[in-house]
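Participant: I'm passing along run_1.pdb; it holds PDB, C-alpha atoms, pLDDT in the B column.
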ATOM      1  CA  MET A 129      49.382  47.743  23.360  1.00 43.00           C
ATOM      2  CA  ALA A 130      49.186  44.991  25.945  1.00 38.00           C
ATOM      3  CA  ALA A 131      52.764  45.700  27.058  1.00 42.00           C
ATOM      4  CA  GLY A 132      52.002  49.413  27.312  1.00 46.00           C
ATOM      5  CA  ALA A 133      48.946  48.744  29.398  1.00 43.00           C
ATOM      6  CA  ALA A 134      50.954  46.500  31.730  1.00 42.00           C
ATOM      7  CA  ARG A 135      53.639  49.205  32.164  1.00 44.00           C
ATOM      8  CA  ALA A 136      50.917  51.761  32.954  1.00 44.00           C
ATOM      9  CA  ALA A 137      49.355  49.435  35.481  1.00 43.00           C
ATOM     10  CA  ARG A 138      52.735  48.874  37.192  1.00 43.00           C
ATOM     11  CA  ARG A 139      53.340  52.633  37.228  1.00 43.00           C
ATOM     12  CA  ASP A 140      49.912  53.279  38.778  1.00 44.00           C
ATOM     13  CA  ASN A 141      50.494  50.612  41.420  1.00 44.00           C
ATOM     14  CA  ALA A 142      53.841  52.124  42.302  1.00 40.00           C
ATOM     15  CA  VAL A 143      52.241  55.523  42.745  1.00 36.00           C
ATOM     16  CA  MET A 144      49.612  53.998  45.019  1.00 36.00           C
ATOM     17  CA  ARG A 145      52.275  52.236  47.111  1.00 40.00           C
ATOM     18  CA  ASP A 146      54.312  55.392  47.463  1.00 41.00           C
ATOM     19  CA  SER A 147      51.342  57.578  48.405  1.00 40.00           C
ATOM     20  CA  PRO A 148      50.908  58.119  52.130  1.00 44.00           C
ATOM     21  CA  ALA A 149      47.993  56.236  53.643  1.00 47.00           C
ATOM     22  CA  ARG A 150      45.020  58.402  54.445  1.00 48.00           C
ATOM     23  CA  PRO A 151      44.558  58.331  58.232  1.00 50.00           C
ATOM     24  CA  ALA A 152      41.345  56.791  59.491  1.00 47.00           C
ATOM     25  CA  PRO A 153      39.027  59.271  61.176  1.00 46.00           C
ATOM     26  CA  SER A 154      39.503  59.231  64.924  1.00 48.00           C
ATOM     27  CA  PRO A 155      36.404  58.476  67.016  1.00 48.00           C
ATOM     28  CA  ALA A 156      34.826  61.326  68.902  1.00 49.00           C
ATOM     29  CA  PRO A 157      36.233  61.504  72.442  1.00 60.00           C
ATOM     30  CA  LEU A 158      33.950  60.205  75.168  1.00 65.00           C
ATOM     31  CA  GLN A 159      32.866  62.805  77.661  1.00 73.00           C
ATOM     32  CA  ALA A 160      33.645  62.145  81.288  1.00 80.00           C
ATOM     33  CA  PRO A 161      30.818  60.964  83.543  1.00 87.00           C
ATOM     34  CA  LEU A 162      29.063  63.696  85.470  1.00 93.00           C
ATOM     35  CA  GLY A 163      30.735  64.346  88.791  1.00 94.00           C
ATOM     36  CA  ASP A 164      29.051  65.248  92.067  1.00 94.00           C
ATOM     37  CA  ALA A 165      29.457  68.978  91.430  1.00 96.00           C
ATOM     38  CA  GLU A 166      27.755  68.702  88.027  1.00 97.00           C
ATOM     39  CA  ILE A 167      24.946  66.598  89.461  1.00 96.00           C
ATOM     40  CA  ALA A 168      24.375  69.225  92.136  1.00 96.00           C
ATOM     41  CA  GLU A 169      24.470  71.940  89.462  1.00 97.00           C
ATOM     42  CA  LEU A 170      21.931  70.043  87.367  1.00 97.00           C
ATOM     43  CA  GLU A 171      19.583  69.593  90.303  1.00 96.00           C
ATOM     44  CA  GLY A 172      19.875  73.270  91.210  1.00 96.00           C
ATOM     45  CA  LEU A 173      19.119  74.374  87.649  1.00 97.00           C
ATOM     46  CA  LEU A 174      16.098  72.079  87.457  1.00 96.00           C
ATOM     47  CA  ALA A 175      14.734  73.287  90.785  1.00 95.00           C
ATOM     48  CA  ALA A 176      15.114  76.908  89.649  1.00 95.00           C
ATOM     49  CA  LEU A 177      12.990  76.505  86.521  1.00 93.00           C
ATOM     50  CA  PRO A 178      10.063  78.928  86.853  1.00 89.00           C
ATOM     51  CA  ALA A 179       6.458  77.816  87.207  1.00 85.00           C
ATOM     52  CA  PRO A 180       4.422  76.298  85.725  1.00 87.00           C
ATOM     53  CA  ALA A 181       7.254  73.867  84.875  1.00 89.00           C
ATOM     54  CA  GLN A 182       7.291  70.695  86.966  1.00 92.00           C
ATOM     55  CA  PRO A 183      10.881  69.520  86.523  1.00 95.00           C
ATOM     56  CA  LEU A 184      12.272  66.166  87.559  1.00 96.00           C
ATOM     57  CA  ASP A 185      14.801  66.068  90.351  1.00 96.00           C
ATOM     58  CA  ALA A 186      18.168  64.428  89.725  1.00 96.00           C
ATOM     59  CA  SER A 187      17.149  60.988  90.953  1.00 97.00           C
ATOM     60  CA  ALA A 188      13.904  60.942  88.953  1.00 97.00           C
ATOM     61  CA  LEU A 189      15.801  62.197  85.898  1.00 98.00           C
ATOM     62  CA  ASP A 190      18.200  59.262  86.179  1.00 98.00           C
ATOM     63  CA  GLY A 191      15.398  56.706  86.322  1.00 98.00           C
ATOM     64  CA  TYR A 192      13.613  58.475  83.483  1.00 98.00           C
ATOM     65  CA  LEU A 193      16.694  58.256  81.258  1.00 98.00           C
ATOM     66  CA  CYS A 194      17.005  54.521  81.947  1.00 98.00           C
ATOM     67  CA  GLY A 195      13.349  54.065  81.009  1.00 98.00           C
ATOM     68  CA  VAL A 196      13.958  56.014  77.803  1.00 98.00           C
ATOM     69  CA  LEU A 197      17.030  53.966  76.912  1.00 98.00           C
ATOM     70  CA  LEU A 198      15.249  50.647  77.488  1.00 98.00           C
ATOM     71  CA  GLN A 199      12.577  51.326  74.877  1.00 97.00           C
ATOM     72  CA  PRO A 200      12.652  48.781  72.035  1.00 95.00           C
ATOM     73  CA  GLN A 201      12.995  51.639  69.530  1.00 95.00           C
ATOM     74  CA  PRO A 202      15.360  54.586  70.106  1.00 96.00           C
ATOM     75  CA  VAL A 203      13.668  57.711  71.440  1.00 97.00           C
ATOM     76  CA  PRO A 204      14.996  60.930  69.851  1.00 96.00           C
ATOM     77  CA  ALA A 205      16.238  63.613  72.230  1.00 96.00           C
ATOM     78  CA  VAL A 206      13.684  66.035  70.826  1.00 95.00           C
ATOM     79  CA  ASP A 207      11.018  63.759  72.316  1.00 96.00           C
ATOM     80  CA  TRP A 208      12.520  62.893  75.710  1.00 97.00           C
ATOM     81  CA  LEU A 209      14.217  66.168  76.608  1.00 96.00           C
ATOM     82  CA  PRO A 210      11.080  68.299  77.240  1.00 95.00           C
ATOM     83  CA  ARG A 211       9.921  65.970  80.037  1.00 96.00           C
ATOM     84  CA  VAL A 212      13.147  66.611  81.913  1.00 97.00           C
ATOM     85  CA  ALA A 213      11.966  70.173  82.507  1.00 95.00           C
ATOM     86  CA  ASP A 214       8.273  69.363  82.786  1.00 93.00           C
ATOM     87  CA  ALA A 215       6.723  65.965  83.447  1.00 90.00           C
ATOM     88  CA  ASP A 216       3.879  66.809  81.061  1.00 90.00           C
ATOM     89  CA  GLY A 217       6.308  67.657  78.277  1.00 90.00           C
ATOM     90  CA  THR A 218       5.401  71.341  78.112  1.00 88.00           C
ATOM     91  CA  PRO A 219       8.210  73.184  76.282  1.00 86.00           C
ATOM     92  CA  VAL A 220      10.282  75.599  78.333  1.00 84.00           C
ATOM     93  CA  PRO A 221      11.878  78.827  77.082  1.00 88.00           C
ATOM     94  CA  ASP A 222      15.245  78.470  75.374  1.00 91.00           C
ATOM     95  CA  THR A 223      17.494  80.084  77.964  1.00 94.00           C
ATOM     96  CA  PRO A 224      21.155  79.530  78.890  1.00 95.00           C
ATOM     97  CA  ALA A 225      19.981  77.615  81.974  1.00 95.00           C
ATOM     98  CA  TRP A 226      17.855  75.265  79.878  1.00 95.00           C
ATOM     99  CA  ARG A 227      20.663  74.715  77.374  1.00 96.00           C
ATOM    100  CA  ARG A 228      22.961  73.767  80.245  1.00 97.00           C
ATOM    101  CA  ILE A 229      20.332  71.384  81.653  1.00 97.00           C
ATOM    102  CA  ALA A 230      19.940  69.790  78.233  1.00 97.00           C
ATOM    103  CA  ALA A 231      23.705  69.376  77.804  1.00 97.00           C
ATOM    104  CA  LEU A 232      24.116  67.703  81.194  1.00 97.00           C
ATOM    105  CA  ALA A 233      21.083  65.465  80.648  1.00 98.00           C
ATOM    106  CA  ARG A 234      22.417  64.379  77.253  1.00 97.00           C
ATOM    107  CA  ARG A 235      25.766  63.496  78.797  1.00 97.00           C
ATOM    108  CA  ARG A 236      24.101  61.344  81.439  1.00 98.00           C
ATOM    109  CA  HIS A 237      21.890  59.755  78.769  1.00 98.00           C
ATOM    110  CA  ASP A 238      24.964  58.818  76.727  1.00 97.00           C
ATOM    111  CA  GLU A 239      26.825  57.550  79.810  1.00 97.00           C
ATOM    112  CA  LEU A 240      23.927  55.300  80.801  1.00 98.00           C
ATOM    113  CA  GLY A 241      23.527  54.112  77.222  1.00 97.00           C
ATOM    114  CA  ARG A 242      27.149  52.947  77.082  1.00 96.00           C
ATOM    115  CA  ALA A 243      26.797  51.058  80.371  1.00 96.00           C
ATOM    116  CA  ILE A 244      23.550  49.398  79.309  1.00 97.00           C
ATOM    117  CA  ASP A 245      24.977  48.375  75.928  1.00 96.00           C
ATOM    118  CA  ALA A 246      28.007  46.838  77.666  1.00 95.00           C
ATOM    119  CA  ARG A 247      25.842  45.270  80.419  1.00 95.00           C
ATOM    120  CA  ALA A 248      28.159  47.004  82.877  1.00 96.00           C
ATOM    121  CA  TRP A 249      27.566  48.373  86.339  1.00 95.00           C
ATOM    122  CA  PHE A 250      26.497  51.996  86.630  1.00 96.00           C
ATOM    123  CA  ASP A 251      25.807  54.135  89.682  1.00 95.00           C
ATOM    124  CA  PRO A 252      22.133  55.126  89.823  1.00 97.00           C
ATOM    125  CA  TRP A 253      21.476  58.561  91.240  1.00 97.00           C
ATOM    126  CA  VAL A 254      19.919  57.359  94.479  1.00 96.00           C
ATOM    127  CA  PHE A 255      21.023  59.391  97.449  1.00 92.00           C
ATOM    128  CA  GLU A 256      21.350  58.690 101.131  1.00 87.00           C
ATOM    129  CA  VAL A 257      19.785  61.097 103.589  1.00 78.00           C
ATOM    130  CA  ASP A 258      22.192  63.648 105.002  1.00 68.00           C
ATOM    131  CA  GLU A 259      21.378  63.414 108.714  1.00 56.00           C
ATOM    132  CA  SER A 260      23.541  66.466 109.393  1.00 51.00           C
ATOM    133  CA  GLY A 261      21.199  68.662 107.337  1.00 46.00           C
ATOM    134  CA  ASP A 262      18.587  71.124 108.519  1.00 44.00           C
ATOM    135  CA  GLU A 263      15.909  68.531 109.274  1.00 43.00           C
ATOM    136  CA  ALA A 264      16.815  68.096 112.918  1.00 44.00           C
ATOM    137  CA  GLY A 265      13.279  68.875 113.992  1.00 48.00           C
ATOM    138  CA  ASP A 266      11.876  65.934 112.068  1.00 58.00           C
ATOM    139  CA  GLU A 267      11.177  63.202 114.601  1.00 69.00           C
ATOM    140  CA  GLY A 268       9.892  60.694 112.031  1.00 77.00           C
ATOM    141  CA  PRO A 269      11.608  57.394 111.277  1.00 87.00           C
ATOM    142  CA  PRO A 270      14.391  57.396 108.679  1.00 91.00           C
ATOM    143  CA  PRO A 271      13.337  56.462 105.153  1.00 93.00           C
ATOM    144  CA  THR A 272      13.626  52.846 104.125  1.00 94.00           C
ATOM    145  CA  PRO A 273      15.897  51.816 101.244  1.00 95.00           C
ATOM    146  CA  SER A 274      12.827  51.413  99.028  1.00 94.00           C
ATOM    147  CA  GLN A 275      11.653  54.923  99.907  1.00 94.00           C
ATOM    148  CA  LEU A 276      15.049  56.351  98.991  1.00 96.00           C
ATOM    149  CA  ALA A 277      14.793  54.635  95.602  1.00 96.00           C
ATOM    150  CA  GLN A 278      11.224  55.789  94.942  1.00 95.00           C
ATOM    151  CA  PRO A 279      12.141  59.022  93.093  1.00 96.00           C
ATOM    152  CA  TRP A 280      14.324  57.008  90.706  1.00 97.00           C
ATOM    153  CA  VAL A 281      11.540  54.485  90.087  1.00 96.00           C
ATOM    154  CA  ALA A 282       9.016  57.315  89.636  1.00 95.00           C
ATOM    155  CA  GLY A 283      11.181  58.742  86.849  1.00 97.00           C
ATOM    156  CA  PHE A 284      11.456  55.295  85.273  1.00 97.00           C
ATOM    157  CA  SER A 285       7.670  54.969  85.429  1.00 94.00           C
ATOM    158  CA  LEU A 286       7.263  58.363  83.734  1.00 96.00           C
ATOM    159  CA  ALA A 287       9.355  57.117  80.802  1.00 97.00           C
ATOM    160  CA  LEU A 288       7.152  54.030  80.446  1.00 95.00           C
ATOM    161  CA  GLU A 289       4.013  56.157  80.513  1.00 94.00           C
ATOM    162  CA  SER A 290       5.416  58.673  78.026  1.00 96.00           C
ATOM    163  CA  PHE A 291       6.847  56.110  75.598  1.00 96.00           C
ATOM    164  CA  PRO A 292       4.732  52.936  75.675  1.00 93.00           C
ATOM    165  CA  GLY A 293       6.932  50.684  73.558  1.00 95.00           C
ATOM    166  CA  LEU A 294       8.430  48.802  76.518  1.00 95.00           C
ATOM    167  CA  ALA A 295       5.156  48.447  78.412  1.00 91.00           C
ATOM    168  CA  ALA A 296       3.497  47.057  75.277  1.00 92.00           C
ATOM    169  CA  LEU A 297       5.903  44.117  75.013  1.00 93.00           C
ATOM    170  CA  ASP A 298       4.478  40.747  76.017  1.00 89.00           C
ATOM    171  CA  ASP A 299       7.539  38.917  77.276  1.00 90.00           C
ATOM    172  CA  ARG A 300       7.603  36.926  80.517  1.00 90.00           C
ATOM    173  CA  ALA A 301      11.283  37.726  80.936  1.00 92.00           C
ATOM    174  CA  LEU A 302      10.302  41.342  81.633  1.00 93.00           C
ATOM    175  CA  GLN A 303       7.935  40.581  84.486  1.00 90.00           C
ATOM    176  CA  GLU A 304      10.381  39.896  87.292  1.00 93.00           C
ATOM    177  CA  PRO A 305      12.760  42.862  86.735  1.00 94.00           C
ATOM    178  CA  LEU A 306       9.798  45.213  86.309  1.00 94.00           C
ATOM    179  CA  ALA A 307       8.209  43.812  89.462  1.00 91.00           C
ATOM    180  CA  VAL A 308      11.435  44.381  91.402  1.00 93.00           C
ATOM    181  CA  LEU A 309      11.414  48.032  90.349  1.00 95.00           C
ATOM    182  CA  PHE A 310       7.741  48.727  90.967  1.00 91.00           C
ATOM    183  CA  ALA A 311       7.840  46.928  94.329  1.00 91.00           C
ATOM    184  CA  MET A 312       9.734  49.957  95.631  1.00 90.00           C
ATOM    185  CA  ILE A 313       6.774  52.257  94.950  1.00 85.00           C
ATOM    186  CA  ASP A 314       4.283  52.890  97.735  1.00 73.00           C
ATOM    187  CA  PRO A 315       1.405  50.422  97.179  1.00 66.00           C
ATOM    188  CA  GLU A 316      -1.056  53.329  97.402  1.00 64.00           C
ATOM    189  CA  ASP A 317       0.646  54.923  94.374  1.00 62.00           C
ATOM    190  CA  LEU A 318       0.717  51.689  92.390  1.00 60.00           C
ATOM    191  CA  GLU A 319      -2.770  51.865  90.928  1.00 62.00           C
ATOM    192  CA  ASP A 320      -2.789  48.819  88.668  1.00 61.00           C
ATOM    193  CA  ALA A 321       0.124  46.413  88.809  1.00 60.00           C
ATOM    194  CA  GLY A 322      -1.644  43.959  86.497  1.00 69.00           C
ATOM    195  CA  PRO A 323       0.277  40.681  86.089  1.00 72.00           C
ATOM    196  CA  LEU A 324       3.136  42.123  88.157  1.00 76.00           C
ATOM    197  CA  GLY A 325       0.952  42.232  91.288  1.00 71.00           C
ATOM    198  CA  PRO A 326       1.353  38.576  92.320  1.00 75.00           C
ATOM    199  CA  ILE A 327       5.119  38.761  91.732  1.00 78.00           C
ATOM    200  CA  ILE A 328       5.446  41.985  93.739  1.00 79.00           C
ATOM    201  CA  GLU A 329       3.678  40.343  96.684  1.00 81.00           C
ATOM    202  CA  THR A 330       6.360  37.634  96.826  1.00 83.00           C
ATOM    203  CA  LEU A 331       9.312  40.040  96.925  1.00 87.00           C
ATOM    204  CA  GLU A 332      11.199  40.976 100.054  1.00 90.00           C
ATOM    205  CA  PRO A 333      12.095  44.676 100.184  1.00 91.00           C
ATOM    206  CA  PRO A 334      15.795  45.521 100.142  1.00 93.00           C
ATOM    207  CA  SER A 335      17.243  45.768 103.630  1.00 94.00           C
ATOM    208  CA  THR A 336      20.005  48.257 102.747  1.00 95.00           C
ATOM    209  CA  LEU A 337      20.427  51.037 100.241  1.00 95.00           C
ATOM    210  CA  ALA A 338      23.216  49.053  98.585  1.00 95.00           C
ATOM    211  CA  GLU A 339      20.754  46.218  97.972  1.00 96.00           C
ATOM    212  CA  ALA A 340      18.191  48.646  96.549  1.00 96.00           C
ATOM    213  CA  VAL A 341      20.810  50.111  94.197  1.00 96.00           C
ATOM    214  CA  GLU A 342      21.856  46.655  93.045  1.00 96.00           C
ATOM    215  CA  ASP A 343      18.200  45.779  92.412  1.00 96.00           C
ATOM    216  CA  LEU A 344      17.863  48.858  90.188  1.00 97.00           C
ATOM    217  CA  VAL A 345      20.952  48.104  88.139  1.00 97.00           C
ATOM    218  CA  ARG A 346      20.281  44.414  87.777  1.00 96.00           C
ATOM    219  CA  SER A 347      16.679  45.028  86.726  1.00 96.00           C
ATOM    220  CA  VAL A 348      17.738  47.566  84.089  1.00 97.00           C
ATOM    221  CA  LEU A 349      20.269  45.180  82.581  1.00 97.00           C
ATOM    222  CA  LEU A 350      17.832  42.256  82.570  1.00 96.00           C
ATOM    223  CA  ILE A 351      15.243  44.408  80.796  1.00 97.00           C
ATOM    224  CA  ALA A 352      17.923  45.410  78.290  1.00 97.00           C
ATOM    225  CA  ASP A 353      18.444  41.714  77.500  1.00 96.00           C
ATOM    226  CA  VAL A 354      14.917  41.753  76.084  1.00 95.00           C
ATOM    227  CA  THR A 355      14.637  45.200  74.534  1.00 95.00           C
ATOM    228  CA  ARG A 356      18.280  45.674  73.488  1.00 91.00           C
ATOM    229  CA  PRO A 357      19.575  42.106  72.915  1.00 88.00           C
ATOM    230  CA  ARG A 358      23.267  41.589  72.348  1.00 78.00           C
ATOM    231  CA  GLY A 359      23.537  37.852  71.694  1.00 61.00           C
ATOM    232  CA  ALA A 360      22.704  34.671  73.510  1.00 43.00           C
ATOM    233  CA  GLY A 361      22.678  34.489  77.265  1.00 44.00           C
ATOM    234  CA  ARG A 362      21.825  36.960  79.953  1.00 47.00           C
ATOM    235  CA  ALA A 363      24.361  39.266  81.532  1.00 48.00           C
ATOM    236  CA  ALA A 364      24.436  40.329  85.156  1.00 48.00           C
ATOM    237  CA  PRO A 365      26.033  43.498  86.521  1.00 47.00           C
ATOM    238  CA  ALA A 366      29.796  43.334  86.512  1.00 43.00           C
ATOM    239  CA  ARG A 367      30.120  44.415  90.123  1.00 45.00           C
ATOM    240  CA  ARG A 368      28.214  45.965  92.953  1.00 48.00           C
ATOM    241  CA  GLY A 369      28.984  49.625  93.597  1.00 46.00           C
ATOM    242  CA  PRO A 370      28.333  51.619  96.734  1.00 43.00           C
ATOM    243  CA  PRO A 371      25.460  54.114  96.876  1.00 43.00           C
ATOM    244  CA  ARG A 372      26.379  57.729  96.387  1.00 43.00           C
ATOM    245  CA  ARG A 373      27.136  59.776  99.442  1.00 38.00           C
ATOM    246  CA  PRO A 374      24.771  62.620 100.349  1.00 36.00           C
ATOM    247  CA  ARG A 375      25.345  65.905  98.589  1.00 36.00           C
TER     248      ARG A 375
END
Can I see the file as structure tokens?

Facilitator:
Amino acid sequence: MAAGAARAARRDNAVMRDSPARPAPSPAPLQAPLGDAEIAELEGLLAALPAPAQPLDASALDGYLCGVLLQPQPVPAVDWLPRVADADGTPVPDTPAWRRIAALARRRHDELGRAIDARAWFDPWVFEVDESGDEAGDEGPPPTPSQLAQPWVAGFSLALESFPGLAALDDRALQEPLAVLFAMIDPEDLEDAGPLGPIIETLEPPSTLAEAVEDLVRSVLLIADVTRPRGAGRAAPARRGPPRRPR
């Protein structure tokens, strides 16, 4: 019986060797980053949402998504998506336009998530002013780099107000990157900076839009070191990228 069992085992092993290997499942293909045309489409769809919706613009949406991704616990899309269309989170009708907005927002969310996880540079949606536009009659001074970044920071702030996990953390390593971000908000709109106030007062505002963009990216990645740790040491952005050109 022992010899028969051995022959059966050899026969079974031979069958296993001769059987073709089952291919490993291929990972889902990564979707391409949103291009300028898709960003413009997204902004147009958001702006066209009927009242009483108060949708985010593209820059605020980008900051909002970063604030969502930096929460210490993952935020489900069912929770963060409604505030894309309305800052108060009021549901909007399920229309083809809204489904397209949701699809584009999810793609940007995933793109930002990959960059944050890799501690890699990403291009925040902060836009230069198009001086060739139809604002020729405006004699006021051009916006400062901090003012151009304010919509992005406002969206980031909305995420922290909507999902308080990050704001509730008591970690000194968060204070400086948060102060750098909130220093770009108009002081009149910054009601209570709390312990960030003294740090904000020591910061020099960015002198160029490229510096403001780098401040945004670096702050996001430093916050991620606390809320989404990936081992010892702190990572800085891999490179500095230019600000986006006006649409």

Participant: Which distance in Å separates CA of Leu177 in chain A and CA of Leu286 in chain A, to one decimal?

Facilitator: 19.2 Å

Participant: May I ask which of the residues A:Thr223, A:Ser187, A:Gln159, A:Gln182 is the closest one to Gln278 in chain A, counting all atoms listed in the file?

Facilitator: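 Closest to Gln278 in chain A of all the choices is A:Ser187.
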
Participant: Counting all atoms listed in the file, I want the residues whose atoms come within 7 Å of (13.4, 62.0, 90.4) in the file frame, returned as a list in words.

Facilitator: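 Residues with an atom at most 7 Å from (13.4, 62.0, 90.4): Leu184, Asp185, Ala186, Ser187, Ala188, Leu189, Asp190, Gly191, Pro279, Trp280, Ala282 and Gly283 of chain A.
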
Participant: Taking all atoms listed in the file into account, which of A:Val348, A:Arg228, A:Arg235, A:Leu337 comes nearest Pro271 in chain A?

Facilitator: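 Of all the options, A:Leu337 lies closest to Pro271 in chain A.
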
Participant: Tell me, as a ChimeraX atom specification, which residues lie within 12 Å of Val212 in chain A, counting all atoms listed in the file; anything in the same chain fewer than 3 positions away does not count.

Facilitator: /A:170-171,173-175,177,181-193,196,205-209,215-220,226-227,229-234,237,283-284,286-287,290

Participant: Can you pull out every residue within 6 Å of range 302-316 of chain A, counting all atoms listed in the file, but drop anything in the same chain fewer than 5 positions away, and send it as a VMD selection string?

Facilitator: chain A and resid 274 278 324 328 347 351

Participant: For Thr355 in chain A, which residue among A:Ala301, A:Ala179, A:Ala213, A:Leu240 is the nearest when counting all atoms listed in the file?

Facilitator: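 Among the listed residues, the smallest separation from Thr355 in chain A belongs to A:Ala301.
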
Participant: Using only C-alpha atoms, give me every residue within 10 Å of (10.1, 49.8, 76.9) in file coordinates, as a PyMOL selection string.

Facilitator: chain A and resi 194-202+287-289+291-297+302+351-352+354-356

Participant: Write out the residues from the selection above, keeping C-alpha atoms, as a PDB file, in the coordinates of the input.

Facilitator:
ATOM      1  CA  CYS A 194      17.005  54.521  81.947  1.00 98.00           C
ATOM      2  CA  GLY A 195      13.349  54.065  81.009  1.00 98.00           C
ATOM      3  CA  VAL A 196      13.958  56.014  77.803  1.00 98.00           C
ATOM      4  CA  LEU A 197      17.030  53.966  76.912  1.00 98.00           C
ATOM      5  CA  LEU A 198      15.249  50.647  77.488  1.00 98.00           C
ATOM      6  CA  GLN A 199      12.577  51.326  74.877  1.00 97.00           C
ATOM      7  CA  PRO A 200      12.652  48.781  72.035  1.00 95.00           C
ATOM      8  CA  GLN A 201      12.995  51.639  69.530  1.00 95.00           C
ATOM      9  CA  PRO A 202      15.360  54.586  70.106  1.00 96.00           C
ATOM     10  CA  ALA A 287       9.355  57.117  80.802  1.00 97.00           C
ATOM     11  CA  LEU A 288       7.152  54.030  80.446  1.00 95.00           C
ATOM     12  CA  GLU A 289       4.013  56.157  80.513  1.00 94.00           C
ATOM     13  CA  PHE A 291       6.847  56.110  75.598  1.00 96.00           C
ATOM     14  CA  PRO A 292       4.732  52.936  75.675  1.00 93.00           C
ATOM     15  CA  GLY A 293       6.932  50.684  73.558  1.00 95.00           C
ATOM     16  CA  LEU A 294       8.430  48.802  76.518  1.00 95.00           C
ATOM     17  CA  ALA A 295       5.156  48.447  78.412  1.00 91.00           C
ATOM     18  CA  ALA A 296       3.497  47.057  75.277  1.00 92.00           C
ATOM     19  CA  LEU A 297       5.903  44.117  75.013  1.00 93.00           C
ATOM     20  CA  LEU A 302      10.302  41.342  81.633  1.00 93.00           C
ATOM     21  CA  ILE A 351      15.243  44.408  80.796  1.00 97.00           C
ATOM     22  CA  ALA A 352      17.923  45.410  78.290  1.00 97.00           C
ATOM     23  CA  VAL A 354      14.917  41.753  76.084  1.00 95.00           C
ATOM     24  CA  THR A 355      14.637  45.200  74.534  1.00 95.00           C
ATOM     25  CA  ARG A 356      18.280  45.674  73.488  1.00 91.00           C
TER      26      ARG A 356
END

Participant: One decimal, in Å: what's the spacing between CA of Asp238 in chain A and CA of Glu339 in chain A?

Facilitator: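 Pair CA of Asp238 in chain A / CA of Glu339 in chain A returns 25.1 Å.
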
Participant: Looking at A:Leu276, A:Trp253, A:Pro221, A:Arg247, which one is nearest to Ala168 in chain A, with distances taken over all atoms listed in the file?

Facilitator: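 The closest residue to Ala168 in chain A is A:Trp253.
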
Participant: When you look at Val341 in chain A with a cut-off of 8 Å (counting only C-alpha atoms), what residues show up, excluding the ones that are within fewer than 3 positions of it in the same chain? I need them as a PDB file with C-alpha atoms, in the coordinates of the input.

Facilitator:
ATOM      1  CA  ASP A 251      25.807  54.135  89.682  1.00 95.00           C
ATOM      2  CA  PRO A 252      22.133  55.126  89.823  1.00 97.00           C
ATOM      3  CA  VAL A 254      19.919  57.359  94.479  1.00 96.00           C
ATOM      4  CA  ALA A 277      14.793  54.635  95.602  1.00 96.00           C
ATOM      5  CA  LEU A 337      20.427  51.037 100.241  1.00 95.00           C
ATOM      6  CA  ALA A 338      23.216  49.053  98.585  1.00 95.00           C
ATOM      7  CA  LEU A 344      17.863  48.858  90.188  1.00 97.00           C
ATOM      8  CA  VAL A 345      20.952  48.104  88.139  1.00 97.00           C
ATOM      9  CA  PRO A 371      25.460  54.114  96.876  1.00 43.00           C
TER      10      PRO A 371
END

Participant: Please, what distance in Å, to one decimal, runs between CA of Ala165 in chain A and CA of Pro224 in chain A?

Facilitator: 18.4 Å

Participant: Nearest to Val203 in chain A: which of A:Pro333, A:Gly268, A:Gly241, A:Gly325 is it, counting only C-alpha atoms?

Facilitator: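 Nearest to Val203 in chain A: A:Gly241.
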
Participant: Pick the closest to Arg236 in chain A from A:Asp214, A:Asp222, A:Glu166, A:Asp298: which is it, counting only C-alpha atoms?

Facilitator: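 Closest residue, counting only C-alpha atoms: A:Glu166.
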